[in-house]
Amino acid sequence: MISEQDKQFFDANGYLVVRDLFSAEETASYREHYMDLRAKGIYEGDFAGVDLTSSDPLKRYPRMIHMHRWDDASLKWMTDDRLNTVMTALLGREPYAVQTMLYFKPAGGRGQALHQDQFYLRVRPGTCMAAWMALDPCDEENGCLQVVPGSHKWPVLCTEKADTAQSFTDVTVPVPPDKPVVPVIMAPGDVLFFHGSLVHGSYPNTSVDRFRRALIGHYIAGEAEQVGGYYHPVLRMDGRPVELGYSEGGDPCGVWVERDGRPAVELKGEEALSGRHE
Ligand SMILES: O=C(O)CCC(=O)C(=O)O
């Protein structure tokens, strides 16, 4: 499903887009399924709560989280063989599955400031991995995902305050000016796989009337022994639970310094790493 060249691209850049991994019929049925669920109710973990009268589009369409714990279609998607095959090829062994999320990101919706997933998941040893499937055409206008190629080689960076007019989360990480942030343009059914330390995020949806829906799974590399408490229970790719430990915060985080006239990361003190994915 992926070539040696794909693997080399992933190793060098920390991400890989696999085009058309899911069909147009499948993505159409996921769009319908989640719009239907959204219209029907409120679920534990809905970001910002549902408020149909709010002027904030994200309150009218809040992000869903951990749907696989109560929705069979989400569990089936999270453990799909195609996702497993690609991740096993990229990671060298089968991952464990820990999280699902559905972003609706309607027109006018804010993005999510640049961050690293490992800040939240705290996988030890090793890292996490995301499978981010586009359900709509995703481009710069509707706030596609943005990544910093190669940043998966950085340690987890110390966070700073984000601009909450642009982002629904309030922390971000600094990126030196010589490290470009690049848009990932995707079509429905394309899946972006990315490493847990890759700096990524998205800008607001500036379109007039287009959603930017994405179905996302978070996984942890199979050698992991611990993950943050918010991600338990941990599942094997056949859906069976596996016992793993709970990781705590307090790890050192990276700050940018100048070394020989160039930006370099130095580890500093201890930052209480967040324990849940925003
Ligand atoms: O879809 C987005 O805008 C952000 C998603 C994200 O940060 C993630 O999947 O970790």
# chains A, B, ... in the order shown; residues from 1 in each chain; ligands from 1
call {"tool": "residues_near_ligand", "arguments": {"ligand": "ligand 1", "cutoff": "8 Å", "atoms": "only C-alpha atoms and all ligand atoms", "output": "ChimeraX atom specification"}}
result
/A:101,103,105,111-117,130-132,143-145,200-203,214,216-218,277-278
call {"tool": "residues_around", "arguments": {"residues": "Gly41 of chain A", "least_positions_apart": "5", "cutoff": "12 Å", "atoms": "only C-alpha atoms", "output": "short mmCIF file (atom, residue, chain, number, x, y, z; two decimals) with N, CA and C atoms, in the first residue's frame"}}
result
data_model
loop_
_atom_site.label_atom_id
_atom_site.label_comp_id
_atom_site.auth_asym_id
_atom_site.auth_seq_id
_atom_site.Cartn_x
_atom_site.Cartn_y
_atom_site.Cartn_z
N TYR A 34 -22.05 11.39 10.45
CA TYR A 34 -21.68 12.31 11.54
C TYR A 34 -22.58 13.55 11.56
N MET A 35 -23.06 13.98 10.40
CA MET A 35 -23.99 15.12 10.40
C MET A 35 -25.28 14.71 11.11
N ASP A 36 -25.66 13.47 10.87
CA ASP A 36 -26.84 12.91 11.50
C ASP A 36 -26.66 12.83 13.04
N ASP A 46 -17.93 16.77 23.62
CA ASP A 46 -18.18 17.79 22.58
C ASP A 46 -17.42 19.05 22.96
N GLY A 49 -19.43 22.59 23.71
CA GLY A 49 -20.86 22.38 23.93
C GLY A 49 -21.70 22.82 22.74
N VAL A 50 -22.84 22.19 22.56
CA VAL A 50 -23.71 22.54 21.44
C VAL A 50 -24.56 23.75 21.82
N ASP A 51 -24.57 24.77 20.97
CA ASP A 51 -25.46 25.91 21.17
C ASP A 51 -25.90 26.38 19.78
N LEU A 52 -27.09 25.94 19.41
CA LEU A 52 -27.55 26.17 18.04
C LEU A 52 -27.78 27.64 17.71
N ARG A 60 -22.06 25.72 17.10
CA ARG A 60 -23.17 25.08 16.39
C ARG A 60 -22.77 23.70 15.89
N TYR A 61 -21.47 23.53 15.65
CA TYR A 61 -20.94 22.23 15.19
C TYR A 61 -19.72 21.85 16.01
N PRO A 62 -19.86 21.58 17.30
CA PRO A 62 -18.67 21.25 18.08
C PRO A 62 -18.02 19.95 17.65
N MET A 64 -16.47 16.37 17.89
CA MET A 64 -16.77 15.17 18.71
C MET A 64 -15.47 14.47 19.05
#
call {"tool": "select_by_dssp", "arguments": {"residues": "segment 127-248 of chain A", "states": "helix (DSSP H, G or I)", "output": "number ranges by chain"}}
result
A: 151-153, 229-231
call {"tool": "write_last_selection", "arguments": {"atoms": "N, CA and C atoms", "output": "CSV table (one decimal), in the first residue's frame"}}
result
chain,number,residue,atom,x,y,z
A,151,SER,N,9.7,18.6,11.6
A,151,SER,CA,9.6,19.0,13.0
A,151,SER,C,9.4,17.7,13.9
A,152,HIS,N,9.1,16.6,13.3
A,152,HIS,CA,9.0,15.4,14.2
A,152,HIS,C,10.3,15.0,14.8
A,153,LYS,N,11.4,15.6,14.3
A,153,LYS,CA,12.7,15.3,14.9
A,153,LYS,C,13.0,16.2,16.1
A,229,GLY,N,-3.7,9.3,30.9
A,229,GLY,CA,-4.9,8.6,31.4
A,229,GLY,C,-6.1,8.9,30.6
A,230,TYR,N,-6.2,10.0,29.9
A,230,TYR,CA,-7.4,10.4,29.1
A,230,TYR,C,-7.6,9.4,27.9
A,231,TYR,N,-6.5,8.6,27.6
A,231,TYR,CA,-6.5,7.7,26.4
A,231,TYR,C,-6.8,6.3,26.7
call {"tool": "residues_around", "arguments": {"residues": "segment 65-74 of chain A", "least_positions_apart": "4", "cutoff": "9 Å", "atoms": "only C-alpha atoms", "output": "ChimeraX atom specification"}}
result
/A:30,33,43-47,78-79,98-103,215,231
call {"tool": "write_last_selection", "arguments": {"atoms": "N, CA and C atoms", "output": "compact mmCIF listing (two decimals), in the first residue's frame"}}
result
# COMPACT_ATOMS: atom_id res chain seq x y z
N TYR A 30 -19.78 8.57 5.64
CA TYR A 30 -19.29 9.13 6.92
C TYR A 30 -19.82 10.55 7.12
N HIS A 33 -23.35 10.20 8.17
CA HIS A 33 -23.42 9.60 9.51
C HIS A 33 -23.15 10.63 10.61
N TYR A 43 -22.94 14.92 23.05
CA TYR A 43 -22.17 13.75 23.47
C TYR A 43 -21.05 14.19 24.40
N GLU A 44 -20.64 13.25 25.25
CA GLU A 44 -19.58 13.54 26.18
C GLU A 44 -18.33 13.96 25.39
N GLY A 45 -17.72 15.06 25.78
CA GLY A 45 -16.47 15.47 25.11
C GLY A 45 -16.69 16.46 23.99
N ASP A 46 -17.93 16.77 23.62
CA ASP A 46 -18.18 17.79 22.58
C ASP A 46 -17.42 19.05 22.96
N PHE A 47 -16.58 19.55 22.04
CA PHE A 47 -15.80 20.71 22.41
C PHE A 47 -16.67 21.96 22.40
N MET A 78 -11.73 3.32 12.92
CA MET A 78 -10.46 3.46 13.65
C MET A 78 -9.57 2.24 13.50
N THR A 79 -10.21 1.05 13.40
CA THR A 79 -9.44 -0.20 13.34
C THR A 79 -9.43 -0.80 11.92
N VAL A 98 -6.19 4.66 20.28
CA VAL A 98 -6.59 5.30 21.54
C VAL A 98 -7.64 6.40 21.41
N GLN A 99 -7.85 6.95 20.22
CA GLN A 99 -8.74 8.11 20.17
C GLN A 99 -9.35 8.31 18.78
N THR A 100 -10.60 8.76 18.77
CA THR A 100 -11.19 9.25 17.51
C THR A 100 -11.68 10.69 17.74
N MET A 101 -11.71 11.46 16.65
CA MET A 101 -12.25 12.83 16.73
C MET A 101 -12.90 13.15 15.38
N LEU A 102 -13.92 13.96 15.43
CA LEU A 102 -14.56 14.42 14.19
C LEU A 102 -14.63 15.94 14.24
N TYR A 103 -13.90 16.58 13.33
CA TYR A 103 -13.95 18.04 13.23
C TYR A 103 -14.93 18.39 12.12
N LEU A 215 -12.16 13.16 9.78
CA LEU A 215 -12.29 12.06 10.74
C LEU A 215 -10.87 11.64 11.11
N TYR A 231 -6.49 8.61 27.56
CA TYR A 231 -6.52 7.75 26.36
C TYR A 231 -6.78 6.29 26.66
call {"tool": "residues_around", "arguments": {"residues": "Arg212 of chain A", "least_positions_apart": "4", "cutoff": "8 Å", "atoms": "only C-alpha atoms", "output": "mmCIF file with C-alpha atoms, in the first residue's frame"}}
result
data_model
loop_
_atom_site.group_PDB
_atom_site.id
_atom_site.type_symbol
_atom_site.label_atom_id
_atom_site.label_comp_id
_atom_site.auth_asym_id
_atom_site.auth_seq_id
_atom_site.Cartn_x
_atom_site.Cartn_y
_atom_site.Cartn_z
ATOM 1 C CA TYR A 103 -13.951 18.040 13.228
ATOM 2 C CA PHE A 104 -16.842 19.699 11.405
ATOM 3 C CA LYS A 105 -15.088 23.071 11.004
ATOM 4 C CA PRO A 106 -17.945 24.939 9.337
ATOM 5 C CA ALA A 107 -17.487 28.181 7.368
ATOM 6 C CA ALA A 134 -10.451 14.343 4.747
ATOM 7 C CA LEU A 135 -14.240 14.120 4.372
ATOM 8 C CA ASP A 136 -14.395 17.301 2.260
ATOM 9 C CA PRO A 137 -11.962 18.852 -0.207
ATOM 10 C CA CYS A 138 -9.485 20.605 2.128
ATOM 11 C CA ASN A 142 -11.457 26.223 4.295
ATOM 12 C CA GLY A 143 -8.596 25.733 6.741
ATOM 13 C CA CYS A 144 -6.777 22.571 5.689
ATOM 14 C CA ASN A 205 -12.180 28.324 7.649
#
call {"tool": "closest_residue", "arguments": {"among": "A:Asp238, A:Asp178, A:Glu225, A:Asp190", "to": "Pro263 of chain A", "atoms": "only C-alpha atoms"}}
result
A:Asp178
call {"tool": "atom_distance", "arguments": {"atom1": "atom CA of Pro57 of chain A", "atom2": "atom CA of Glu26 of chain A"}}
result
25.9 Å
call {"tool": "select_by_dssp", "arguments": {"residues": "segment 27-252 of chain A", "states": "strand (DSSP E)", "output": "PyMOL selection string"}}
result
chain A and resi 64-65+96-103+112-115+128-134+145-147+160-161+171-172+182-183+191-195+200-202+214-220+226-228+234-235+241-242+245-247+251-252
call {"tool": "residues_around", "arguments": {"residues": "Leu244 of chain A", "least_positions_apart": "2", "cutoff": "10 Å", "atoms": "only C-alpha atoms", "output": "NGL selection string"}}
result
:A and (224-229 or 232-235 or 241-242 or 246-247)
call {"tool": "write_last_selection", "arguments": {"atoms": "all heavy atoms", "output": "compact mmCIF listing (two decimals), in the first residue's frame"}}
result
# COMPACT_ATOMS: atom_id res chain seq x y z
N ALA A 224 4.96 1.02 23.02
CA ALA A 224 4.63 1.88 24.17
C ALA A 224 4.25 1.08 25.40
O ALA A 224 3.62 0.03 25.31
CB ALA A 224 3.49 2.81 23.78
N GLU A 225 4.63 1.63 26.56
CA GLU A 225 4.25 1.00 27.84
C GLU A 225 3.29 1.87 28.62
O GLU A 225 2.60 1.40 29.51
CB GLU A 225 5.51 0.73 28.67
CG GLU A 225 6.35 -0.39 28.06
CD GLU A 225 7.77 -0.43 28.61
OE1 GLU A 225 8.06 0.27 29.60
OE2 GLU A 225 8.58 -1.15 28.01
N GLN A 226 3.29 3.18 28.30
CA GLN A 226 2.43 4.11 29.04
C GLN A 226 1.84 5.15 28.09
O GLN A 226 2.47 5.53 27.11
CB GLN A 226 3.27 4.90 30.05
CG GLN A 226 3.87 4.10 31.15
CD GLN A 226 4.65 5.02 32.09
OE1 GLN A 226 5.03 6.13 31.75
NE2 GLN A 226 4.88 4.53 33.29
N VAL A 227 0.64 5.62 28.45
CA VAL A 227 0.02 6.74 27.73
C VAL A 227 -0.82 7.51 28.74
O VAL A 227 -1.22 6.95 29.76
CB VAL A 227 -0.81 6.23 26.51
CG1 VAL A 227 -1.97 5.37 26.95
CG2 VAL A 227 -1.32 7.38 25.63
N GLY A 228 -1.07 8.80 28.46
CA GLY A 228 -1.86 9.62 29.38
C GLY A 228 -3.22 9.01 29.70
O GLY A 228 -3.82 8.34 28.86
N GLY A 229 -3.69 9.28 30.92
CA GLY A 229 -4.92 8.65 31.42
C GLY A 229 -6.15 8.86 30.55
O GLY A 229 -7.02 8.00 30.47
N HIS A 232 -7.05 5.99 27.91
CA HIS A 232 -7.40 4.61 28.28
C HIS A 232 -8.91 4.46 28.14
O HIS A 232 -9.64 5.40 28.46
CB HIS A 232 -6.98 4.35 29.73
CG HIS A 232 -5.49 4.27 29.89
ND1 HIS A 232 -4.81 3.10 30.11
CD2 HIS A 232 -4.53 5.24 29.85
CE1 HIS A 232 -3.50 3.35 30.22
NE2 HIS A 232 -3.30 4.64 30.07
N PRO A 233 -9.47 3.32 27.74
CA PRO A 233 -8.76 2.09 27.41
C PRO A 233 -8.05 2.15 26.05
O PRO A 233 -8.54 2.77 25.10
CB PRO A 233 -9.89 1.06 27.37
CG PRO A 233 -11.10 1.84 27.00
CD PRO A 233 -10.91 3.20 27.60
N VAL A 234 -6.92 1.45 26.00
CA VAL A 234 -6.11 1.34 24.79
C VAL A 234 -6.57 0.07 24.07
O VAL A 234 -6.80 -0.96 24.72
CB VAL A 234 -4.62 1.23 25.19
CG1 VAL A 234 -3.74 1.01 23.97
CG2 VAL A 234 -4.19 2.46 25.99
N LEU A 235 -6.71 0.16 22.75
CA LEU A 235 -7.21 -1.00 21.99
C LEU A 235 -6.18 -1.53 21.00
O LEU A 235 -5.45 -0.75 20.39
CB LEU A 235 -8.47 -0.62 21.20
CG LEU A 235 -9.64 -0.04 21.99
CD1 LEU A 235 -10.79 0.27 21.04
CD2 LEU A 235 -10.10 -1.00 23.08
N PRO A 241 -9.10 -4.76 24.14
CA PRO A 241 -8.32 -3.86 24.99
C PRO A 241 -6.97 -4.46 25.38
O PRO A 241 -6.82 -5.68 25.44
CB PRO A 241 -9.20 -3.67 26.23
CG PRO A 241 -10.25 -4.70 26.16
CD PRO A 241 -10.31 -5.28 24.79
N VAL A 242 -6.00 -3.59 25.63
CA VAL A 242 -4.68 -4.03 26.09
C VAL A 242 -4.33 -3.18 27.32
O VAL A 242 -4.64 -1.99 27.36
CB VAL A 242 -3.63 -3.88 24.96
CG1 VAL A 242 -3.56 -2.49 24.42
CG2 VAL A 242 -2.26 -4.35 25.40
N TYR A 246 -0.09 4.31 32.97
CA TYR A 246 -0.52 5.71 32.85
C TYR A 246 0.71 6.60 32.96
O TYR A 246 1.44 6.53 33.94
CB TYR A 246 -1.49 6.05 34.00
CG TYR A 246 -2.84 5.38 33.85
CD1 TYR A 246 -2.98 4.00 33.97
CD2 TYR A 246 -3.97 6.15 33.58
CE1 TYR A 246 -4.22 3.39 33.83
CE2 TYR A 246 -5.22 5.54 33.44
CZ TYR A 246 -5.32 4.17 33.56
OH TYR A 246 -6.55 3.58 33.41
N SER A 247 0.93 7.47 31.95
CA SER A 247 2.09 8.37 32.06
C SER A 247 1.66 9.67 32.73
O SER A 247 0.54 10.13 32.55
CB SER A 247 2.69 8.64 30.68
OG SER A 247 1.71 9.14 29.82
call {"tool": "decode", "arguments": {"residues": "segment 117-135 of chain A", "atoms": "N, CA, C and O atoms", "output": "mmCIF file, in the first residue's frame"}}
result
data_model
loop_
_atom_site.group_PDB
_atom_site.id
_atom_site.type_symbol
_atom_site.label_atom_id
_atom_site.label_comp_id
_atom_site.auth_asym_id
_atom_site.auth_seq_id
_atom_site.Cartn_x
_atom_site.Cartn_y
_atom_site.Cartn_z
ATOM 1 N N ASP A 117 1.106 16.463 18.995
ATOM 2 C CA ASP A 117 0.178 15.560 19.702
ATOM 3 C C ASP A 117 0.839 14.868 20.897
ATOM 4 O O ASP A 117 0.178 14.558 21.885
ATOM 5 N N GLN A 118 2.127 14.643 20.804
ATOM 6 C CA GLN A 118 2.818 13.958 21.901
ATOM 7 C C GLN A 118 2.761 14.785 23.202
ATOM 8 O O GLN A 118 2.834 14.246 24.300
ATOM 9 N N PHE A 119 2.571 16.087 23.077
ATOM 10 C CA PHE A 119 2.379 16.957 24.250
ATOM 11 C C PHE A 119 1.174 16.478 25.059
ATOM 12 O O PHE A 119 1.156 16.515 26.283
ATOM 13 N N TYR A 120 0.154 16.020 24.346
ATOM 14 C CA TYR A 120 -1.074 15.588 25.015
ATOM 15 C C TYR A 120 -1.035 14.101 25.380
ATOM 16 O O TYR A 120 -1.445 13.707 26.474
ATOM 17 N N LEU A 121 -0.558 13.277 24.455
ATOM 18 C CA LEU A 121 -0.700 11.822 24.674
ATOM 19 C C LEU A 121 0.364 11.234 25.597
ATOM 20 O O LEU A 121 0.116 10.220 26.251
ATOM 21 N N ARG A 122 1.575 11.877 25.602
ATOM 22 C CA ARG A 122 2.648 11.440 26.518
ATOM 23 C C ARG A 122 2.904 9.935 26.429
ATOM 24 O O ARG A 122 2.856 9.219 27.434
ATOM 25 N N VAL A 123 3.167 9.482 25.231
ATOM 26 C CA VAL A 123 3.434 8.052 25.024
ATOM 27 C C VAL A 123 4.871 7.758 25.451
ATOM 28 O O VAL A 123 5.788 8.491 25.091
ATOM 29 N N ARG A 124 5.052 6.676 26.223
ATOM 30 C CA ARG A 124 6.401 6.300 26.681
ATOM 31 C C ARG A 124 6.579 4.801 26.667
ATOM 32 O O ARG A 124 5.712 4.124 27.228
ATOM 33 N N PRO A 125 7.658 4.241 26.153
ATOM 34 C CA PRO A 125 8.577 4.949 25.263
ATOM 35 C C PRO A 125 7.928 5.076 23.893
ATOM 36 O O PRO A 125 6.903 4.464 23.646
ATOM 37 N N GLY A 126 8.573 5.834 23.011
ATOM 38 C CA GLY A 126 8.058 5.954 21.646
ATOM 39 C C GLY A 126 7.163 7.161 21.484
ATOM 40 O O GLY A 126 7.297 8.155 22.188
ATOM 41 N N THR A 127 6.211 7.058 20.587
ATOM 42 C CA THR A 127 5.417 8.233 20.251
ATOM 43 C C THR A 127 4.026 7.824 19.781
ATOM 44 O O THR A 127 3.683 6.640 19.795
ATOM 45 N N CYS A 128 3.265 8.823 19.364
ATOM 46 C CA CYS A 128 1.933 8.537 18.830
ATOM 47 C C CYS A 128 1.933 8.815 17.322
ATOM 48 O O CYS A 128 2.917 9.271 16.756
ATOM 49 N N MET A 129 0.803 8.567 16.729
ATOM 50 C CA MET A 129 0.678 8.697 15.271
ATOM 51 C C MET A 129 -0.775 9.070 15.004
ATOM 52 O O MET A 129 -1.674 8.544 15.674
ATOM 53 N N ALA A 130 -0.996 9.939 14.039
ATOM 54 C CA ALA A 130 -2.379 10.294 13.700
ATOM 55 C C ALA A 130 -2.699 9.836 12.287
ATOM 56 O O ALA A 130 -1.827 9.821 11.410
ATOM 57 N N ALA A 131 -3.958 9.445 12.088
ATOM 58 C CA ALA A 131 -4.490 9.197 10.742
ATOM 59 C C ALA A 131 -5.625 10.207 10.586
ATOM 60 O O ALA A 131 -6.617 10.151 11.321
ATOM 61 N N TRP A 132 -5.451 11.140 9.665
ATOM 62 C CA TRP A 132 -6.371 12.286 9.512
ATOM 63 C C TRP A 132 -7.015 12.165 8.132
ATOM 64 O O TRP A 132 -6.361 12.387 7.111
ATOM 65 N N MET A 133 -8.289 11.779 8.129
ATOM 66 C CA MET A 133 -8.948 11.548 6.836
ATOM 67 C C MET A 133 -9.834 12.730 6.449
ATOM 68 O O MET A 133 -10.717 13.140 7.220
ATOM 69 N N ALA A 134 -9.617 13.247 5.251
ATOM 70 C CA ALA A 134 -10.451 14.343 4.747
ATOM 71 C C ALA A 134 -11.823 13.784 4.367
ATOM 72 O O ALA A 134 -11.919 12.757 3.702
ATOM 73 N N LEU A 135 -12.881 14.482 4.805
ATOM 74 C CA LEU A 135 -14.240 14.120 4.372
ATOM 75 C C LEU A 135 -14.761 15.135 3.355
ATOM 76 O O LEU A 135 -15.788 14.906 2.725
#
